[in-house]
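Peer 1: Sending over my_file.cif (mmCIF, C-alpha atoms).
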data_data
loop_
_atom_site.label_atom_id
_atom_site.label_comp_id
_atom_site.auth_asym_id
_atom_site.auth_seq_id
_atom_site.Cartn_x
_atom_site.Cartn_y
_atom_site.Cartn_z
CA MET E 268 -13.98 21.87 28.38
CA ARG E 269 -11.73 22.22 25.33
CA ILE E 270 -11.29 19.18 23.05
CA ASP E 271 -7.91 18.72 21.41
CA ARG E 272 -8.86 17.86 17.83
CA ARG E 273 -5.47 16.28 17.24
CA LEU E 274 -6.40 13.57 19.73
CA LEU E 275 -10.11 13.35 18.94
CA GLY E 276 -9.70 10.50 16.48
CA TRP E 277 -7.62 8.42 18.86
CA GLY E 278 -10.19 8.94 21.61
CA LEU E 279 -13.08 7.83 19.40
CA PHE E 280 -11.11 4.84 18.17
CA PHE E 281 -10.25 3.50 21.62
CA ILE E 282 -13.74 4.13 23.02
CA VAL E 283 -15.35 2.14 20.21
CA LEU E 284 -12.58 -0.49 20.25
CA GLY E 285 -13.29 -1.32 23.88
CA SER E 286 -17.05 -0.92 23.69
CA VAL E 287 -17.67 -3.57 21.02
CA PRO E 288 -16.17 -6.56 22.90
CA LEU E 289 -17.83 -5.40 26.13
CA ALA E 290 -21.22 -5.17 24.39
CA VAL E 291 -20.82 -8.71 23.02
CA GLN E 292 -19.81 -10.07 26.42
CA ALA E 293 -22.82 -8.38 28.02
CA GLY E 294 -25.17 -9.84 25.41
CA LEU E 295 -26.15 -6.43 24.06
CA ILE E 296 -24.95 -7.28 20.55
CA ASP E 297 -25.15 -10.67 18.85
CA GLN E 298 -21.71 -12.01 17.99
CA ASP E 299 -22.95 -13.05 14.53
CA VAL E 300 -23.70 -9.39 13.81
CA VAL E 301 -20.27 -8.27 15.02
CA ALA E 302 -18.64 -10.95 12.87
CA ARG E 303 -19.68 -8.94 9.80
CA TRP E 304 -17.09 -6.28 10.64
CA PRO E 305 -15.16 -6.69 7.31
CA SER E 306 -18.19 -5.33 5.43
CA LEU E 307 -17.72 -1.93 7.11
CA TRP E 308 -14.63 -1.02 5.04
CA PRO E 309 -16.52 1.29 2.60
CA PHE E 310 -17.13 3.69 5.50
CA LEU E 311 -13.36 4.18 5.70
CA LEU E 312 -13.44 5.53 2.14
CA VAL E 313 -16.34 7.80 3.08
CA GLY E 314 -14.43 9.16 6.06
CA TRP E 315 -11.20 9.71 4.15
CA GLY E 316 -13.09 11.35 1.29
CA LEU E 317 -14.85 13.74 3.67
CA GLY E 318 -11.51 14.50 5.27
CA LEU E 319 -10.16 15.65 1.91
CA LEU E 320 -13.29 17.64 0.99
CA LEU E 321 -13.52 19.38 4.38
CA ARG E 322 -9.83 20.05 4.79
CA ARG E 323 -9.09 23.47 6.34
CA THR E 324 -12.73 24.05 7.25
CA PRO E 325 -14.15 24.24 10.80
CA VAL E 326 -15.54 20.69 10.45
CA GLU E 327 -12.48 19.02 8.91
CA TRP E 328 -12.42 16.69 11.93
CA LEU E 329 -15.64 15.00 10.73
CA GLY E 330 -13.97 12.80 8.13
CA GLY E 331 -11.30 11.65 10.57
CA GLY E 332 -13.98 11.01 13.18
CA ILE E 333 -15.94 8.74 10.84
CA ALA E 334 -12.79 6.86 9.90
CA ALA E 335 -11.79 6.51 13.56
CA VAL E 336 -15.20 5.14 14.57
CA THR E 337 -15.19 2.73 11.63
CA LEU E 338 -11.71 1.48 12.46
CA GLY E 339 -12.80 1.08 16.08
CA LEU E 340 -15.83 -0.97 15.03
CA MET E 341 -13.75 -3.16 12.72
CA ALA E 342 -10.94 -3.70 15.22
CA GLY E 343 -13.45 -4.28 18.04
CA GLY E 344 -15.36 -6.72 15.87
CA ALA E 345 -12.16 -8.60 15.05
CA LEU E 346 -11.31 -8.85 18.75
CA ALA E 347 -14.79 -10.07 19.63
CA ALA E 348 -15.49 -12.40 16.69
CA GLY E 349 -12.13 -13.17 15.12
CA PHE E 350 -10.87 -12.93 11.53
CA GLY E 351 -12.63 -15.97 10.08
CA ASN E 352 -14.93 -13.96 7.80
CA VAL E 353 -12.06 -12.40 5.88
CA PRO E 354 -11.31 -14.64 2.87
CA GLY E 355 -7.90 -13.03 2.46
CA MET E 356 -6.91 -14.39 5.86
CA THR E 357 -7.97 -17.94 5.10
CA ALA E 358 -7.75 -19.17 1.50
CA CYS E 359 -5.17 -16.55 0.50
CA ASN E 360 -2.76 -17.74 3.15
CA THR E 361 -2.94 -21.45 2.31
CA ASN E 362 0.33 -23.28 1.67
CA SER E 363 -1.26 -26.01 -0.43
CA PRO E 364 0.48 -26.50 -3.81
CA GLY E 365 -1.12 -25.03 -6.90
CA THR E 366 -1.18 -26.15 -10.51
CA ALA E 367 1.20 -24.55 -13.01
CA PHE E 368 -0.44 -22.40 -15.65
CA ALA E 369 0.80 -21.73 -19.18
CA THR E 370 3.66 -19.21 -19.29
CA GLN E 371 2.64 -15.87 -20.77
CA SER E 372 5.12 -13.60 -22.55
CA GLY E 373 5.48 -10.72 -24.95
CA THR E 374 7.75 -7.94 -26.16
CA PHE E 375 7.65 -4.16 -25.97
CA ALA E 376 8.53 -2.55 -29.31
CA GLY E 377 9.43 0.67 -27.50
CA SER E 378 8.34 2.51 -24.39
CA GLY E 379 5.14 1.27 -22.80
CA GLN E 380 3.06 0.55 -19.71
CA LEU E 381 2.98 -2.71 -17.72
CA ASN E 382 0.13 -3.14 -15.22
CA VAL E 383 -0.06 -6.06 -12.80
CA GLU E 384 -3.24 -6.76 -10.80
CA PHE E 385 -2.73 -9.71 -8.46
CA ASN E 386 -5.24 -11.15 -5.99
CA CYS E 387 -4.38 -13.57 -3.20
CA GLY E 388 -1.05 -15.31 -2.74
CA SER E 389 2.58 -14.50 -3.47
CA LEU E 390 3.84 -12.10 -6.14
CA THR E 391 7.49 -11.82 -7.20
CA VAL E 392 8.63 -9.22 -9.71
CA GLY E 393 12.16 -9.02 -11.09
CA THR E 394 14.01 -7.71 -14.14
CA VAL E 395 15.55 -9.35 -17.22
CA ASP E 396 17.75 -8.08 -20.05
CA GLY E 397 16.14 -7.14 -23.32
CA SER E 398 12.63 -5.92 -24.12
CA GLY E 399 10.56 -9.03 -23.39
CA TRP E 400 8.26 -9.57 -20.41
CA SER E 401 7.02 -12.88 -19.03
CA LEU E 402 4.69 -14.35 -16.40
CA GLU E 403 4.89 -17.86 -14.98
CA GLY E 404 3.65 -19.55 -11.82
CA THR E 405 0.86 -21.55 -10.27
CA GLU E 406 -2.79 -21.08 -9.35
CA ARG E 407 -4.98 -23.27 -7.17
CA ASN E 408 -6.98 -24.56 -10.15
CA GLY E 409 -4.30 -23.98 -12.78
CA ARG E 410 -6.24 -21.18 -14.45
CA THR E 411 -4.20 -18.89 -16.68
CA PRO E 412 -4.08 -15.19 -15.74
CA ALA E 413 -5.79 -12.77 -18.09
CA VAL E 414 -3.44 -10.85 -20.39
CA THR E 415 -4.76 -7.77 -22.19
CA THR E 416 -2.73 -5.78 -24.70
CA SER E 417 -3.86 -2.38 -25.93
CA GLY E 418 -1.33 -0.48 -28.00
CA SER E 419 1.83 -0.24 -25.90
CA THR E 420 0.00 -1.17 -22.65
CA VAL E 421 0.07 -4.70 -21.24
CA LYS E 422 -2.18 -5.74 -18.34
CA LEU E 423 -1.70 -8.95 -16.32
CA GLU E 424 -4.70 -9.81 -14.15
CA SER E 425 -5.74 -12.62 -11.81
CA PRO E 426 -8.67 -14.81 -12.87
CA PRO E 427 -11.94 -13.64 -11.24
CA GLY E 428 -13.11 -15.24 -8.00
CA ASP E 429 -15.98 -15.19 -5.56
CA ASN E 430 -14.73 -13.28 -2.51
CA ILE E 431 -14.10 -9.65 -1.56
CA PHE E 432 -10.67 -9.79 -3.17
CA ASN E 433 -12.12 -11.23 -6.40
CA SER E 434 -9.89 -14.28 -6.01
CA SER E 435 -10.40 -17.97 -6.70
CA GLY E 436 -7.66 -19.00 -4.27
CA SER E 437 -3.98 -18.68 -3.56
CA ALA E 438 -1.58 -18.22 -6.49
CA ASN E 439 2.15 -17.73 -7.02
CA TRP E 440 3.33 -15.43 -9.79
CA ASN E 441 6.79 -14.65 -11.11
CA VAL E 442 6.76 -11.58 -13.34
CA SER E 443 9.82 -10.52 -15.37
CA VAL E 444 10.10 -6.84 -16.34
CA PRO E 445 12.42 -5.98 -19.25
CA LYS E 446 15.29 -3.56 -18.64
CA ALA E 447 15.68 -2.14 -22.15
CA PRO E 448 12.51 -0.09 -22.76
CA SER E 449 11.33 2.86 -20.70
CA LEU E 450 8.20 1.65 -18.93
CA GLY E 451 5.47 2.86 -16.67
CA LEU E 452 4.85 0.19 -14.04
CA GLY E 453 1.64 -0.22 -12.08
CA VAL E 454 1.20 -2.96 -9.46
CA THR E 455 -1.92 -3.72 -7.39
CA LEU E 456 -1.68 -6.45 -4.76
CA ASN E 457 -4.79 -7.61 -2.92
CA ALA E 458 -4.55 -9.96 0.07
CA GLY E 459 -1.10 -11.41 -0.32
CA GLU E 460 2.60 -10.77 -0.13
CA GLY E 461 4.86 -9.24 -2.74
CA SER E 462 8.55 -8.83 -3.43
CA LEU E 463 9.51 -6.43 -6.22
CA ASP E 464 13.19 -5.91 -7.13
CA LEU E 465 13.47 -3.51 -10.07
CA ALA E 466 17.28 -3.42 -10.33
CA GLY E 467 18.35 -2.14 -13.75
CA ALA E 468 14.86 -1.17 -14.90
CA ASN E 469 14.10 2.06 -16.73
CA LEU E 470 10.91 3.27 -15.09
CA ALA E 471 9.25 6.43 -16.35
CA SER E 472 6.75 6.17 -13.49
CA THR E 473 5.86 3.66 -10.79
CA SER E 474 2.61 3.16 -8.92
CA MET E 475 1.88 0.57 -6.25
CA THR E 476 -1.37 -0.20 -4.40
CA LEU E 477 -1.52 -2.67 -1.53
CA ASN E 478 -4.79 -3.85 -0.01
CA ALA E 479 -4.50 -6.15 3.02
CA GLY E 480 -1.05 -7.67 2.72
CA THR E 481 2.68 -7.02 2.76
CA ILE E 482 5.00 -5.82 0.04
CA VAL E 483 8.64 -4.86 -0.50
CA LEU E 484 9.18 -2.49 -3.43
CA ASP E 485 12.90 -2.01 -4.12
CA LEU E 486 13.57 0.77 -6.62
CA GLY E 487 16.98 1.68 -5.22
CA ALA E 488 19.01 0.04 -8.00
CA SER E 489 16.80 1.01 -10.93
CA GLN E 490 18.65 2.36 -13.96
CA SER E 491 16.33 5.36 -14.18
CA LEU E 492 13.29 6.30 -12.13
CA GLY E 493 10.55 8.89 -12.52
CA ASP E 494 7.87 9.79 -10.01
CA VAL E 495 6.58 7.18 -7.57
CA ASN E 496 3.10 6.75 -6.08
CA ALA E 497 2.31 4.23 -3.33
CA THR E 498 -1.00 3.55 -1.58
CA VAL E 499 -1.32 1.15 1.34
CA ASN E 500 -4.69 0.10 2.76
CA ALA E 501 -4.56 -2.14 5.84
CA GLY E 502 -1.12 -3.48 5.05
CA LYS E 503 2.62 -3.19 5.56
CA ALA E 504 4.97 -1.89 2.88
CA SER E 505 8.62 -1.01 2.42
CA VAL E 506 9.69 1.23 -0.45
CA GLY E 507 13.35 1.68 -1.35
CA LEU E 508 14.23 4.78 -3.39
CA PRO E 509 17.51 5.95 -4.95
CA GLY E 510 18.89 9.43 -4.53
CA GLY E 511 18.13 12.09 -7.11
CA SER E 512 15.40 14.48 -8.11
CA ARG E 513 11.83 13.12 -8.20
CA THR E 514 8.47 13.24 -6.46
CA ALA E 515 7.13 10.38 -4.34
CA ASN E 516 3.58 10.30 -2.98
CA VAL E 517 2.69 7.89 -0.17
CA SER E 518 -0.89 7.36 1.06
CA LEU E 519 -1.28 5.20 4.16
CA ASN E 520 -4.65 4.03 5.44
CA ALA E 521 -4.49 1.74 8.48
CA GLY E 522 -1.07 0.17 8.14
CA ASP E 523 2.68 0.67 8.25
CA VAL E 524 4.99 2.11 5.60
CA SER E 525 8.76 2.49 5.57
CA VAL E 526 10.61 4.52 2.94
CA CYS E 527 14.34 3.92 2.60
CA VAL E 528 16.72 6.38 0.91
CA PRO E 529 20.54 6.55 0.65
CA THR E 530 22.43 8.34 3.40
CA GLY E 531 22.71 12.06 2.66
CA THR E 532 19.68 12.22 0.36
CA ALA E 533 18.46 15.81 -0.04
CA MET E 534 14.74 15.87 0.55
CA ARG E 535 11.67 17.81 1.60
CA VAL E 536 8.82 15.94 3.29
CA THR E 537 5.27 17.21 3.57
CA TRP E 538 3.07 15.40 6.09
CA ASN E 539 -0.67 15.18 6.55
CA GLY E 540 -1.71 12.73 9.23
CA ALA E 541 -4.97 11.81 10.97
CA LEU E 542 -4.36 9.17 13.62
CA GLY E 543 -0.97 8.74 11.96
CA SER E 544 2.54 8.83 13.38
CA ASN E 545 5.99 9.43 11.88
CA ASN E 546 9.66 9.41 12.87
CA LEU E 547 10.73 12.44 10.84
CA ASP E 548 12.25 14.23 13.84
CA ALA E 549 14.09 11.12 14.98
CA ALA E 550 15.36 10.56 11.43
CA GLY E 551 17.29 13.84 11.69
CA LEU E 552 15.12 16.10 9.54
CA THR E 553 14.50 19.71 10.46
CA LYS E 554 10.88 20.69 11.11
CA LEU E 555 9.86 23.93 9.38
CA ASP E 556 6.17 23.89 10.35
CA ASP E 557 3.44 21.43 11.31
CA HIS E 558 3.50 19.82 7.87
CA THR E 559 7.04 20.25 6.48
CA TRP E 560 10.44 18.73 7.23
CA VAL E 561 13.72 19.09 5.30
CA SER E 562 17.07 17.33 5.31
CA PRO E 563 20.15 19.10 6.77
CA GLY E 564 21.45 21.86 4.48
CA PHE E 565 18.40 21.58 2.21
CA ASP E 566 18.45 23.86 -0.84
CA THR E 567 15.26 23.99 -2.88
CA ASN E 568 17.26 25.03 -5.96
CA GLN E 569 19.31 21.82 -5.92
CA PRO E 570 18.11 18.34 -7.03
CA HIS E 571 16.12 16.72 -4.24
CA LEU E 572 13.37 14.30 -3.38
CA GLU E 573 9.91 15.73 -2.78
CA LEU E 574 8.16 13.23 -0.51
CA HIS E 575 4.45 13.75 0.24
CA VAL E 576 2.95 11.52 2.93
CA SER E 577 -0.71 11.23 3.93
CA ALA E 578 -1.43 8.85 6.83
CA ASN E 579 -4.74 7.80 8.31
CA ALA E 580 -4.49 5.47 11.31
CA GLY E 581 -1.02 4.32 10.34
CA SER E 582 2.67 4.56 11.05
CA PHE E 583 5.30 6.03 8.69
CA HIS E 584 9.05 5.51 9.00
CA LEU E 585 11.85 7.22 7.05
CA LEU E 586 15.12 5.29 7.01
CA PHE E 587 18.50 6.49 5.71
CA GLY E 588 20.96 3.91 4.37
CA GLY E 589 20.79 0.13 4.32
CA GLY E 590 18.11 -2.14 2.97
CA CYS E 591 14.38 -1.70 3.30
CA ASN E 592 12.42 -4.84 4.11
CA ALA E 593 8.80 -5.31 5.21
#
What's the structure tokens form of this structure?
Peer 2:
Amino acid sequence: MRIDRRLLGWGLFFIVLGSVPLAVQAGLIDQDVVARWPSLWPFLLVGWGLGLLLRRTPVEWLGGGIAAVTLGLMAGGALAAGFGNVPGMTACNTNSPGTAFATQSGTFAGSGQLNVEFNCGSLTVGTVDGSGWSLEGTERNGRTPAVTTSGSTVKLESPPGDNIFNSSGSANWNVSVPKAPSLGLGVTLNAGEGSLDLAGANLASTSMTLNAGTIVLDLGASQSLGDVNATVNAGKASVGLPGGSRTANVSLNAGDVSVCVPTGTAMRVTWNGALGSNNLDAAGLTKLDDHTWVSPGFDTNQPHLELHVSANAGSFHLLFGGGCNA
């Protein structure tokens, strides 16, 4: 019997997914044990790391197999015991009003770096004229976010908490990014929802990490935009990009990502997927080999978007024209 390695991960996932609830129903596994399924997430990192280390070796399937089994255990555990043990699905989703914290603000003297690390709740990021940044909002206990300045780098960070997302409860932030200076922007969102509209911003680089949540990152109307990096772990994200020459790297681990570009954008897409799916053929791109697609009339010597996508147990969508919403 010959095993199709392309489908091995899916097979392992569904076998484990069905086996866990059956084992609980049969009394073979205590439900309290299965309810600890959120604590298995580090094995996903192990599997993905092995997948990278063993790539293009005879045992490259091992990393994907570990990740598939882990995802099967976690999904099976969620089906059998529910989601109650995930703090991000309880306290982080509360609609109870918070207490306003003191507004934080500052100014960039020139180019710089703005990093936002937000845990639990709702994050809104927009742009303002000038060179000044600001942060206002509410937090369950009214605690002020931590602001650290080092040279030309500013870091905005949620107060520490006592759960896996290091959160003390739901918060609502409104962050204003200045349009005048050239900035590097880094955003990490853990267990929440985010809306980022960077219209008019001058972004030398942009990085976004989403862990268990949803986010809309709209870079389509930015004044200038360098390379973009986006990582999604167990979440749903939409990323809007303008036309032009740049590199965008997307890493998807158990979730859904959509990338929106203007109609007619010249681009080359490289794809590496384990248990991942894409719509690159349906989007009208031409497939050159198992890992590469190009837009119609693509010329490598002309300005174009280089889009690199790595997907583990997730779904990737490329959309031409229109808005891009999660």
Peer 1: Quick one: apply the PyMOL selection byres ((chain E and resi 425) around 8) to the file and drop the selected residues here as a VMD selection string.
Peer 2: chain E and resid 384 to 386 412 to 413 423 to 424 426 to 427 434
Peer 1: Could the residues in this selection be written to a file with C-alpha atoms, as a PDB file, in the frame of the given file?
Peer 2:
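Here's the written file out-v5.pdb:
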ATOM      1  CA  GLU E 384      -3.240  -6.760 -10.800  1.00  0.00           C
ATOM      2  CA  PHE E 385      -2.730  -9.710  -8.460  1.00  0.00           C
ATOM      3  CA  ASN E 386      -5.240 -11.150  -5.990  1.00  0.00           C
ATOM      4  CA  PRO E 412      -4.080 -15.190 -15.740  1.00  0.00           C
ATOM      5  CA  ALA E 413      -5.790 -12.770 -18.090  1.00  0.00           C
ATOM      6  CA  LEU E 423      -1.700  -8.950 -16.320  1.00  0.00           C
ATOM      7  CA  GLU E 424      -4.700  -9.810 -14.150  1.00  0.00           C
ATOM      8  CA  PRO E 426      -8.670 -14.810 -12.870  1.00  0.00           C
ATOM      9  CA  PRO E 427     -11.940 -13.640 -11.240  1.00  0.00           C
ATOM     10  CA  SER E 434      -9.890 -14.280  -6.010  1.00  0.00           C
TER      11      SER E 434
END
Peer 1: Compile the contact shell of Gly540 (chain E) as a PyMOL selection string: residues with an atom at most 10 Å away, counting all atoms listed in the file, same-chain residues fewer than 6 positions apart removed.
Peer 2: chain E and resi 273+331+518-520+558+576-583
Peer 1: Can you measure CA of Val528 (chain E) to CA of Gly487 (chain E) for me? One decimal in Å is fine.
Peer 2: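 It comes out at 7.7 Å.
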Peer 1: Using all atoms listed in the file, find the one residue out of E:Pro309, E:Gly379, E:Gly418, E:Pro325 that sits nearest to Leu450 (chain E).
Peer 2: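 Smallest distance to Leu450 (chain E) is found for E:Gly379.
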Peer 1: Work out how far CA of Asn469 (chain E) is from CA of Ala447 (chain E), in Å to one decimal.
Peer 2: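 These two atoms are separated by 7.0 Å.
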Peer 1: Excluding Gly588 (chain E) and its own-chain neighbours fewer than 3 positions away, which residues fall within 8 Å of it when counting all atoms listed in the file? Please give them as a list of chain:residue names.
Peer 2: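 Listed by chain and then number, they are E:Cys527, E:Val528, E:Pro529, E:Thr530.
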Peer 1: Any idea what's packed within 7 Å of Arg535 (chain E), counting all atoms listed in the file, ignoring anything in its chain fewer than 2 positions away? Could you give it as an MDAnalysis selection string?
Peer 2: chainID E and resid 537 560:562 572:574
Peer 1: On this file, the PyMOL selection byres ((chain E and resi 410) around 9) gives some set of residues; write that set as a list in words.
Peer 2: Thr366, Ala367, Phe368, Ala369, Thr405, Glu406, Arg407, Asn408, Gly409, Thr411, Pro412, Ser425 and Pro426 of chain E
Peer 1: Evaluate the PyMOL selection byres ((chain E and resi 390) around 9) on the structure here and hand back the selected residues as an mmCIF file with C-alpha atoms, keeping the file's coordinate frame.
Peer 2:
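Once written, selection-v8.cif looks like this:
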data_model
loop_
_atom_site.group_PDB
_atom_site.id
_atom_site.type_symbol
_atom_site.label_atom_id
_atom_site.label_comp_id
_atom_site.auth_asym_id
_atom_site.auth_seq_id
_atom_site.Cartn_x
_atom_site.Cartn_y
_atom_site.Cartn_z
ATOM 1 C CA PHE E 385 -2.730 -9.710 -8.460
ATOM 2 C CA CYS E 387 -4.380 -13.570 -3.200
ATOM 3 C CA GLY E 388 -1.050 -15.310 -2.740
ATOM 4 C CA SER E 389 2.580 -14.500 -3.470
ATOM 5 C CA THR E 391 7.490 -11.820 -7.200
ATOM 6 C CA VAL E 392 8.630 -9.220 -9.710
ATOM 7 C CA ALA E 438 -1.580 -18.220 -6.490
ATOM 8 C CA ASN E 439 2.150 -17.730 -7.020
ATOM 9 C CA TRP E 440 3.330 -15.430 -9.790
ATOM 10 C CA ASN E 441 6.790 -14.650 -11.110
ATOM 11 C CA VAL E 442 6.760 -11.580 -13.340
ATOM 12 C CA LEU E 456 -1.680 -6.450 -4.760
ATOM 13 C CA GLY E 459 -1.100 -11.410 -0.320
ATOM 14 C CA GLU E 460 2.600 -10.770 -0.130
ATOM 15 C CA GLY E 461 4.860 -9.240 -2.740
ATOM 16 C CA SER E 462 8.550 -8.830 -3.430
ATOM 17 C CA LEU E 463 9.510 -6.430 -6.220
ATOM 18 C CA ILE E 482 5.000 -5.820 0.040
#
Peer 1: Between E:Gly278, E:Gly318, E:Ala335, E:Glu403, single out the one closest to Asn539 (chain E), counting all atoms listed in the file.
Peer 2: E:Gly318
Peer 1: Kindly give the distance, in Å, that separates CA of Gln490 (chain E) and CA of Ser372 (chain E), rounded to a single decimal.
Peer 2: 22.6 Å
Peer 1: Can you work out which one of E:Gly480, E:Gly493, E:Pro364, E:Gly467 has the shortest atom-to-atom distance to Ser505 (chain E), counting only C-alpha atoms?
Peer 2: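 Of E:Gly480, E:Gly493, E:Pro364, E:Gly467, the one nearest Ser505 (chain E) is E:Gly480, counting only C-alpha atoms.
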Peer 1: With all atoms listed in the file as the basis for distance, which of E:Gly393, E:Pro570, E:Gly316, E:Gly510 is at the shortest distance from Leu484 (chain E)?
Peer 2: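 Using all atoms listed in the file, the shortest distance to Leu484 (chain E) belongs to E:Gly393.
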Peer 1: What are the centre and edge lengths in Å, to one decimal, of the axis-aligned box around all listed atoms of region 448-456 of chain E with 3 Å added on each side, as lines of an AutoDock Vina configuration file?
Peer 2:
center_x = 5.3
center_y = -1.8
center_z = -13.8
size_x = 20.4
size_y = 15.3
size_z = 24.0
